[in-house]
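Trainee: My structure is stored as entry_16.csv, with CSV, N, CA and C atoms.
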chain,number,residue,atom,x,y,z
S,150,MET,N,-29.7,-1.5,-37.3
S,150,MET,CA,-28.3,-1.5,-37.5
S,150,MET,C,-27.6,-0.5,-36.6
S,151,ALA,N,-28.2,0.7,-36.4
S,151,ALA,CA,-27.6,1.7,-35.5
S,151,ALA,C,-27.6,1.2,-34.1
S,152,HIS,N,-28.6,0.4,-33.7
S,152,HIS,CA,-28.7,-0.1,-32.4
S,152,HIS,C,-27.5,-1.0,-32.1
S,153,SER,N,-27.0,-1.8,-33.0
S,153,SER,CA,-25.9,-2.7,-32.8
S,153,SER,C,-24.6,-1.9,-32.7
S,154,PHE,N,-24.5,-0.8,-33.4
S,154,PHE,CA,-23.3,0.1,-33.3
S,154,PHE,C,-23.3,0.7,-31.9
S,155,GLU,N,-24.4,1.1,-31.4
S,155,GLU,CA,-24.5,1.7,-30.1
S,155,GLU,C,-24.1,0.6,-29.1
S,156,ASP,N,-24.5,-0.6,-29.2
S,156,ASP,CA,-24.2,-1.7,-28.3
S,156,ASP,C,-22.7,-1.9,-28.4
S,157,ALA,N,-22.1,-1.9,-29.6
S,157,ALA,CA,-20.7,-2.2,-29.8
S,157,ALA,C,-19.9,-1.1,-29.1
S,158,GLY,N,-20.3,0.1,-29.3
S,158,GLY,CA,-19.6,1.3,-28.6
S,158,GLY,C,-19.7,1.2,-27.1
S,159,ARG,N,-20.9,0.8,-26.6
S,159,ARG,CA,-21.0,0.7,-25.2
S,159,ARG,C,-20.1,-0.4,-24.6
S,160,LEU,N,-20.1,-1.5,-25.3
S,160,LEU,CA,-19.3,-2.7,-24.9
S,160,LEU,C,-17.8,-2.3,-25.0
S,161,GLY,N,-17.4,-1.6,-26.0
S,161,GLY,CA,-16.0,-1.1,-26.1
S,161,GLY,C,-15.7,-0.2,-25.0
S,162,GLN,N,-16.6,0.7,-24.6
S,162,GLN,CA,-16.3,1.6,-23.5
S,162,GLN,C,-16.2,0.8,-22.2
S,163,GLU,N,-17.1,-0.2,-22.0
S,163,GLU,CA,-17.0,-1.0,-20.8
S,163,GLU,C,-15.7,-1.8,-20.7
S,164,LEU,N,-15.3,-2.3,-21.8
S,164,LEU,CA,-14.0,-3.1,-21.9
S,164,LEU,C,-12.9,-2.1,-21.5
S,165,LEU,N,-12.9,-0.9,-22.1
S,165,LEU,CA,-11.8,0.0,-21.8
S,165,LEU,C,-11.8,0.4,-20.3
S,166,ASP,N,-13.0,0.7,-19.8
S,166,ASP,CA,-13.1,1.0,-18.3
S,166,ASP,C,-12.6,-0.1,-17.5
S,167,SER,N,-13.1,-1.3,-17.8
S,167,SER,CA,-12.7,-2.5,-17.1
S,167,SER,C,-11.2,-2.8,-17.2
S,168,GLY,N,-10.6,-2.5,-18.3
S,168,GLY,CA,-9.2,-2.7,-18.5
S,168,GLY,C,-8.4,-1.7,-17.7
S,169,MET,N,-8.9,-0.5,-17.6
S,169,MET,CA,-8.2,0.5,-16.7
S,169,MET,C,-8.3,0.1,-15.3
S,170,ASP,N,-9.5,-0.3,-14.8
S,170,ASP,CA,-9.6,-0.8,-13.4
S,170,ASP,C,-8.7,-2.0,-13.2
S,171,SER,N,-8.6,-2.9,-14.1
S,171,SER,CA,-7.8,-4.0,-14.0
S,171,SER,C,-6.3,-3.6,-13.8
S,172,MET,N,-5.9,-2.7,-14.7
S,172,MET,CA,-4.5,-2.3,-14.6
S,172,MET,C,-4.2,-1.6,-13.3
S,173,ALA,N,-5.1,-0.8,-12.8
S,173,ALA,CA,-4.9,-0.2,-11.5
S,173,ALA,C,-4.8,-1.2,-10.4
S,174,SER,N,-5.6,-2.2,-10.4
S,174,SER,CA,-5.5,-3.3,-9.4
S,174,SER,C,-4.1,-4.0,-9.5
S,175,VAL,N,-3.8,-4.4,-10.7
S,175,VAL,CA,-2.5,-5.1,-11.0
S,175,VAL,C,-1.3,-4.2,-10.5
S,176,SER,N,-1.4,-2.9,-10.8
S,176,SER,CA,-0.3,-2.0,-10.3
S,176,SER,C,-0.2,-2.0,-8.8
S,177,GLU,N,-1.3,-1.9,-8.1
S,177,GLU,CA,-1.3,-1.9,-6.6
S,177,GLU,C,-0.8,-3.2,-6.1
S,178,ASP,N,-1.2,-4.3,-6.7
S,178,ASP,CA,-0.8,-5.6,-6.2
S,178,ASP,C,0.7,-5.8,-6.5
S,179,ALA,N,1.2,-5.4,-7.6
S,179,ALA,CA,2.6,-5.5,-8.0
S,179,ALA,C,3.4,-4.7,-7.0
S,180,ARG,N,2.9,-3.5,-6.6
S,180,ARG,CA,3.6,-2.7,-5.6
S,180,ARG,C,3.7,-3.5,-4.2
S,181,LEU,N,2.6,-4.1,-3.8
S,181,LEU,CA,2.7,-4.9,-2.6
S,181,LEU,C,3.7,-6.1,-2.7
S,182,ILE,N,3.7,-6.7,-3.9
S,182,ILE,CA,4.6,-7.8,-4.1
S,182,ILE,C,6.1,-7.3,-4.0
S,183,ALA,N,6.3,-6.2,-4.6
S,183,ALA,CA,7.7,-5.6,-4.6
S,183,ALA,C,8.1,-5.3,-3.2
S,184,MET,N,7.2,-4.7,-2.4
S,184,MET,CA,7.5,-4.4,-1.0
S,184,MET,C,7.8,-5.6,-0.2
S,185,GLU,N,7.0,-6.6,-0.4
S,185,GLU,CA,7.1,-7.9,0.3
S,185,GLU,C,8.5,-8.5,-0.1
S,186,THR,N,8.8,-8.5,-1.3
S,186,THR,CA,10.1,-9.1,-1.8
S,186,THR,C,11.3,-8.4,-1.2
S,187,SER,N,11.2,-7.0,-1.3
S,187,SER,CA,12.4,-6.3,-0.7
S,187,SER,C,12.5,-6.5,0.8
S,188,ASP,N,11.4,-6.6,1.5
S,188,ASP,CA,11.4,-6.8,2.9
S,188,ASP,C,12.0,-8.2,3.2
S,189,TYR,N,11.7,-9.2,2.4
S,189,TYR,CA,12.2,-10.5,2.6
S,189,TYR,C,13.7,-10.5,2.3
S,190,ALA,N,14.1,-9.8,1.2
S,190,ALA,CA,15.6,-9.7,0.9
S,190,ALA,C,16.4,-9.1,2.0
S,191,ARG,N,15.8,-8.1,2.6
S,191,ARG,CA,16.5,-7.4,3.8
S,191,ARG,C,16.6,-8.4,4.9
S,192,LYS,N,15.6,-9.1,5.2
S,192,LYS,CA,15.6,-10.1,6.3
S,192,LYS,C,16.7,-11.2,6.0
S,193,VAL,N,16.8,-11.6,4.8
S,193,VAL,CA,17.8,-12.7,4.4
S,193,VAL,C,19.2,-12.1,4.6
S,194,VAL,N,19.4,-10.9,4.2
S,194,VAL,CA,20.8,-10.3,4.4
S,194,VAL,C,21.1,-10.2,5.8
S,195,GLU,N,20.1,-9.7,6.6
S,195,GLU,CA,20.4,-9.6,8.1
S,195,GLU,C,20.7,-10.9,8.7
S,196,ALA,N,19.9,-12.0,8.4
S,196,ALA,CA,20.1,-13.3,8.9
S,196,ALA,C,21.4,-13.9,8.5
S,197,GLY,N,21.8,-13.6,7.3
S,197,GLY,CA,23.1,-14.1,6.8
S,197,GLY,C,24.3,-13.4,7.5
S,198,SER,N,24.2,-12.1,7.7
S,198,SER,CA,25.2,-11.4,8.5
S,198,SER,C,25.3,-11.9,9.9
S,199,GLU,N,24.2,-12.1,10.5
S,199,GLU,CA,24.2,-12.6,11.9
S,199,GLU,C,24.8,-14.0,12.0
S,200,ALA,N,24.4,-14.9,11.1
S,200,ALA,CA,25.0,-16.2,11.0
S,200,ALA,C,26.5,-16.2,10.8
S,201,PHE,N,27.0,-15.3,9.9
S,201,PHE,CA,28.4,-15.2,9.6
S,201,PHE,C,29.1,-14.7,10.8
S,202,SER,N,28.6,-13.7,11.5
S,202,SER,CA,29.2,-13.2,12.8
S,202,SER,C,29.3,-14.4,13.8
S,203,LYS,N,28.3,-15.1,13.9
S,203,LYS,CA,28.3,-16.3,14.9
S,203,LYS,C,29.4,-17.3,14.5
S,204,LEU,N,29.5,-17.5,13.2
S,204,LEU,CA,30.5,-18.5,12.7
S,204,LEU,C,31.9,-18.0,13.0
S,205,LEU,N,32.1,-16.7,12.8
S,205,LEU,CA,33.5,-16.2,13.1
S,205,LEU,C,33.8,-16.3,14.6
S,206,SER,N,32.8,-16.3,15.5
S,206,SER,CA,33.1,-16.4,16.9
S,206,SER,C,33.0,-17.8,17.4
S,207,ALA,N,32.8,-18.8,16.6
S,207,ALA,CA,32.6,-20.2,17.0
S,207,ALA,C,34.0,-20.7,17.5
S,208,LYS,N,34.0,-21.4,18.6
S,208,LYS,CA,35.2,-21.9,19.2
S,208,LYS,C,35.6,-23.3,18.8
S,209,SER,N,34.7,-24.0,18.1
S,209,SER,CA,35.0,-25.3,17.7
S,209,SER,C,34.3,-25.6,16.4
S,210,ILE,N,34.7,-26.7,15.7
S,210,ILE,CA,34.1,-27.1,14.5
S,210,ILE,C,32.6,-27.6,14.8
S,211,ASP,N,32.4,-28.3,15.9
S,211,ASP,CA,31.1,-28.7,16.2
S,211,ASP,C,30.1,-27.5,16.4
S,212,ARG,N,30.6,-26.5,17.0
S,212,ARG,CA,29.7,-25.3,17.2
S,212,ARG,C,29.5,-24.6,15.8
S,213,ALA,N,30.5,-24.5,15.0
S,213,ALA,CA,30.3,-23.9,13.7
S,213,ALA,C,29.3,-24.7,12.8
S,214,VAL,N,29.4,-26.1,12.9
S,214,VAL,CA,28.4,-26.9,12.2
S,214,VAL,C,27.0,-26.7,12.8
S,215,ASP,N,26.8,-26.5,14.1
S,215,ASP,CA,25.5,-26.3,14.7
S,215,ASP,C,25.0,-24.9,14.2
S,216,ILE,N,25.8,-23.9,14.2
S,216,ILE,CA,25.4,-22.6,13.7
S,216,ILE,C,25.0,-22.6,12.2
S,217,GLN,N,25.8,-23.3,11.4
S,217,GLN,CA,25.4,-23.4,10.0
S,217,GLN,C,24.1,-24.2,9.8
S,218,THR,N,24.0,-25.3,10.6
S,218,THR,CA,22.7,-26.1,10.5
S,218,THR,C,21.5,-25.3,10.8
S,219,ALA,N,21.6,-24.5,11.9
S,219,ALA,CA,20.5,-23.7,12.4
S,219,ALA,C,20.2,-22.6,11.3
S,220,TYR,N,21.2,-22.0,10.8
S,220,TYR,CA,21.0,-21.0,9.7
S,220,TYR,C,20.3,-21.6,8.5
S,221,LEU,N,20.8,-22.7,8.1
S,221,LEU,CA,20.2,-23.4,6.9
S,221,LEU,C,18.7,-23.7,7.1
S,222,ARG,N,18.4,-24.3,8.3
S,222,ARG,CA,17.0,-24.6,8.7
S,222,ARG,C,16.2,-23.4,8.7
S,223,GLN,N,16.7,-22.3,9.3
S,223,GLN,CA,15.9,-21.1,9.4
S,223,GLN,C,15.7,-20.5,8.0
S,224,SER,N,16.7,-20.6,7.1
S,224,SER,CA,16.6,-20.0,5.8
S,224,SER,C,15.6,-20.8,5.0
S,225,TYR,N,15.6,-22.1,5.1
S,225,TYR,CA,14.7,-22.9,4.3
S,225,TYR,C,13.3,-22.7,4.8
S,226,GLU,N,13.0,-22.7,6.1
S,226,GLU,CA,11.7,-22.4,6.6
S,226,GLU,C,11.2,-21.0,6.2
S,227,GLY,N,12.1,-20.0,6.2
S,227,GLY,CA,11.7,-18.7,5.8
S,227,GLY,C,11.4,-18.6,4.3
S,228,PHE,N,12.2,-19.3,3.5
S,228,PHE,CA,11.9,-19.3,2.1
S,228,PHE,C,10.6,-20.0,1.8
S,229,VAL,N,10.3,-21.1,2.4
S,229,VAL,CA,9.0,-21.8,2.1
S,229,VAL,C,7.9,-20.9,2.5
S,230,ALA,N,8.0,-20.2,3.7
S,230,ALA,CA,6.9,-19.3,4.1
S,230,ALA,C,6.7,-18.2,3.2
S,231,GLU,N,7.8,-17.6,2.7
S,231,GLU,CA,7.8,-16.5,1.8
S,231,GLU,C,7.2,-16.9,0.5
S,232,ALA,N,7.6,-18.1,0.0
S,232,ALA,CA,7.1,-18.5,-1.3
S,232,ALA,C,5.5,-18.7,-1.2
S,233,MET,N,5.1,-19.2,-0.1
S,233,MET,CA,3.6,-19.4,0.1
S,233,MET,C,2.9,-18.0,0.1
S,234,LYS,N,3.5,-17.1,0.9
S,234,LYS,CA,3.0,-15.7,0.9
S,234,LYS,C,2.9,-15.1,-0.4
S,235,LEU,N,4.0,-15.2,-1.2
S,235,LEU,CA,4.0,-14.6,-2.5
S,235,LEU,C,3.1,-15.3,-3.5
S,236,GLY,N,2.9,-16.6,-3.3
S,236,GLY,CA,2.0,-17.3,-4.1
S,236,GLY,C,0.6,-16.8,-3.9
S,237,GLY,N,0.2,-16.5,-2.7
S,237,GLY,CA,-1.1,-16.0,-2.3
S,237,GLY,C,-1.2,-14.6,-2.9
S,238,LEU,N,-0.2,-13.8,-2.9
S,238,LEU,CA,-0.3,-12.4,-3.4
S,238,LEU,C,-0.4,-12.4,-4.9
S,239,TYR,N,0.3,-13.4,-5.6
S,239,TYR,CA,0.1,-13.5,-7.1
S,239,TYR,C,-1.3,-14.0,-7.4
S,240,ALA,N,-1.8,-14.9,-6.6
S,240,ALA,CA,-3.2,-15.4,-6.8
S,240,ALA,C,-4.2,-14.3,-6.7
S,241,ASP,N,-4.0,-13.5,-5.6
S,241,ASP,CA,-4.9,-12.3,-5.4
S,241,ASP,C,-4.8,-11.3,-6.6
S,242,MET,N,-3.6,-11.1,-7.1
S,242,MET,CA,-3.4,-10.2,-8.2
S,242,MET,C,-4.2,-10.7,-9.4
S,243,ALA,N,-4.1,-12.0,-9.7
S,243,ALA,CA,-4.9,-12.6,-10.8
S,243,ALA,C,-6.4,-12.4,-10.6
S,244,LYS,N,-6.9,-12.6,-9.4
S,244,LYS,CA,-8.3,-12.4,-9.1
S,244,LYS,C,-8.7,-10.9,-9.3
S,245,ASP,N,-7.9,-10.0,-8.8
S,245,ASP,CA,-8.1,-8.6,-8.8
S,245,ASP,C,-8.1,-8.1,-10.3
S,246,ALA,N,-7.2,-8.7,-11.1
S,246,ALA,CA,-7.2,-8.3,-12.5
S,246,ALA,C,-8.4,-8.7,-13.3
S,247,TYR,N,-9.0,-9.9,-12.9
S,247,TYR,CA,-10.1,-10.4,-13.6
S,247,TYR,C,-11.4,-9.8,-13.1
S,248,ARG,N,-11.5,-9.4,-11.9
S,248,ARG,CA,-12.7,-8.9,-11.3
S,248,ARG,C,-13.5,-7.8,-12.1
S,249,PRO,N,-12.8,-6.8,-12.7
S,249,PRO,CA,-13.6,-5.8,-13.4
S,249,PRO,C,-14.2,-6.4,-14.7
S,250,PHE,N,-13.8,-7.5,-15.2
S,250,PHE,CA,-14.4,-8.1,-16.4
S,250,PHE,C,-15.5,-9.1,-16.1
S,251,GLU,N,-15.7,-9.5,-14.8
S,251,GLU,CA,-16.7,-10.5,-14.5
S,251,GLU,C,-18.1,-10.2,-15.0
S,252,ALA,N,-18.5,-9.0,-14.8
S,252,ALA,CA,-19.9,-8.7,-15.2
S,252,ALA,C,-20.0,-8.8,-16.8
S,253,ILE,N,-19.0,-8.4,-17.5
S,253,ILE,CA,-19.1,-8.4,-18.9
S,253,ILE,C,-19.1,-9.9,-19.4
S,254,VAL,N,-18.2,-10.7,-18.8
S,254,VAL,CA,-18.2,-12.1,-19.2
S,254,VAL,C,-19.5,-12.8,-18.8
S,255,ALA,N,-20.1,-12.5,-17.7
S,255,ALA,CA,-21.3,-13.1,-17.3
S,255,ALA,C,-22.4,-12.7,-18.2
S,256,ARG,N,-22.5,-11.5,-18.8
S,256,ARG,CA,-23.5,-11.1,-19.7
S,256,ARG,C,-23.4,-11.8,-21.0
S,257,THR,N,-22.2,-12.2,-21.4
S,257,THR,CA,-22.0,-12.8,-22.7
S,257,THR,C,-22.3,-14.3,-22.7
S,258,ARG,N,-22.5,-14.9,-21.6
S,258,ARG,CA,-22.8,-16.3,-21.5
S,258,ARG,C,-24.3,-16.6,-21.7
Could the structure of this file be written out as structure tokens, please?

Mentor:
Amino acid sequence: MAHSFEDAGRLGQELLDSGMDSMASVSEDARLIAMETSDYARKVVEAGSEAFSKLLSAKSIDRAVDIQTAYLRQSYEGFVAEAMKLGGLYADMAKDAYRPFEAIVARTR
């Protein structure tokens, strides 16, 4: 009976250690995601300002439509690229969060 209590204590300690490692990984990955998101937001604001300045200097409706069309295309392509990048970062975060528990899960099977 004492043997099973020792095993339970050891497992509890392993789970606690793995949980702490997992939280450290998630914290670092969340920091990377926040940095990436703020960088993207800065780029969006800069691109919007630039497009607005170009619109103000447009000499014709046709030129204004061309500027707006180019801005929308650039914005859409940038958003899709950013969404894919963030999707990869979130997937990496999930993998990193699970990695400390892999050995424990493998032993229980």

Trainee: Hey, which of S:Leu164, S:Ala183, S:Ala196, S:Ala255 ends up closest to S:Tyr220? Count only N, CA and C atoms.

Mentor: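 Closest residue, counting only N, CA and C atoms: S:Ala196.
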
Trainee: Write out as a compact mmCIF listing (two decimals) with N, CA and C atoms, keeping the file's coordinate frame the residues lying within 7 Å of stretch 230-244 of chain S, counting only N, CA and C atoms and excluding same-chain residues fewer than 5 positions away.

Mentor:
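Okay, result_8.txt is ready:
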# COMPACT_ATOMS: atom_id res chain seq x y z
N SER S 174 -5.60 -2.20 -10.40
CA SER S 174 -5.50 -3.30 -9.40
C SER S 174 -4.10 -4.00 -9.50
N VAL S 175 -3.80 -4.40 -10.70
CA VAL S 175 -2.50 -5.10 -11.00
C VAL S 175 -1.30 -4.20 -10.50
N ASP S 178 -1.20 -4.30 -6.70
CA ASP S 178 -0.80 -5.60 -6.20
C ASP S 178 0.70 -5.80 -6.50
N ALA S 179 1.20 -5.40 -7.60
CA ALA S 179 2.60 -5.50 -8.00
C ALA S 179 3.40 -4.70 -7.00
N ILE S 182 3.70 -6.70 -3.90
CA ILE S 182 4.60 -7.80 -4.10
C ILE S 182 6.10 -7.30 -4.00
N TYR S 225 15.60 -22.10 5.10
CA TYR S 225 14.70 -22.90 4.30
C TYR S 225 13.30 -22.70 4.80
N PRO S 249 -12.80 -6.80 -12.70
CA PRO S 249 -13.60 -5.80 -13.40
C PRO S 249 -14.20 -6.40 -14.70

Trainee: Using only C-alpha atoms, which residues sit within 12 Å of S:Gly168 once same-chain residues fewer than 6 positions away are excluded, as a VMD selection string?

Mentor: chain S and resid 160 to 162 174 to 175 245 to 251 253

Trainee: Could you work out how far atom N of S:Leu204 lies from atom C of S:Ala219, giving the answer in Å with one decimal?

Mentor: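 Between atom C of S:Ala219 and atom N of S:Leu204 the gap works out to 10.8 Å.
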
Trainee: Report the distance between atom CA of S:Arg256 and atom CA of S:Leu165 in Å, rounded to one decimal place.

Mentor: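 It comes out at 16.3 Å.
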
Trainee: In Å, rounded to a single decimal, give me how far atom CA of S:Thr257 is from atom CA of S:Ala157.

Mentor: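 Distance between the two atoms: 12.8 Å.
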
Trainee: Can you tell me which residues surround S:Ser224 at a distance of at most 12 Å, considering only C-alpha atoms, apart from same-chain residues fewer than 6 positions away, and format the answer as a ChimeraX atom specification?

Mentor: /S:189-190,192-197,200,217-218,230-232

Trainee: Around all the atoms of stretch 224-232 of chain S listed in the file, draw an axis-aligned box and extend it by 3 Å on each of the six sides; I want its centre and edge lengths in Å to one decimal, as lines of an AutoDock Vina configuration file.

Mentor:
center_x = 11.1
center_y = -19.7
center_z = 2.9
size_x = 17.2
size_y = 12.4
size_z = 14.4
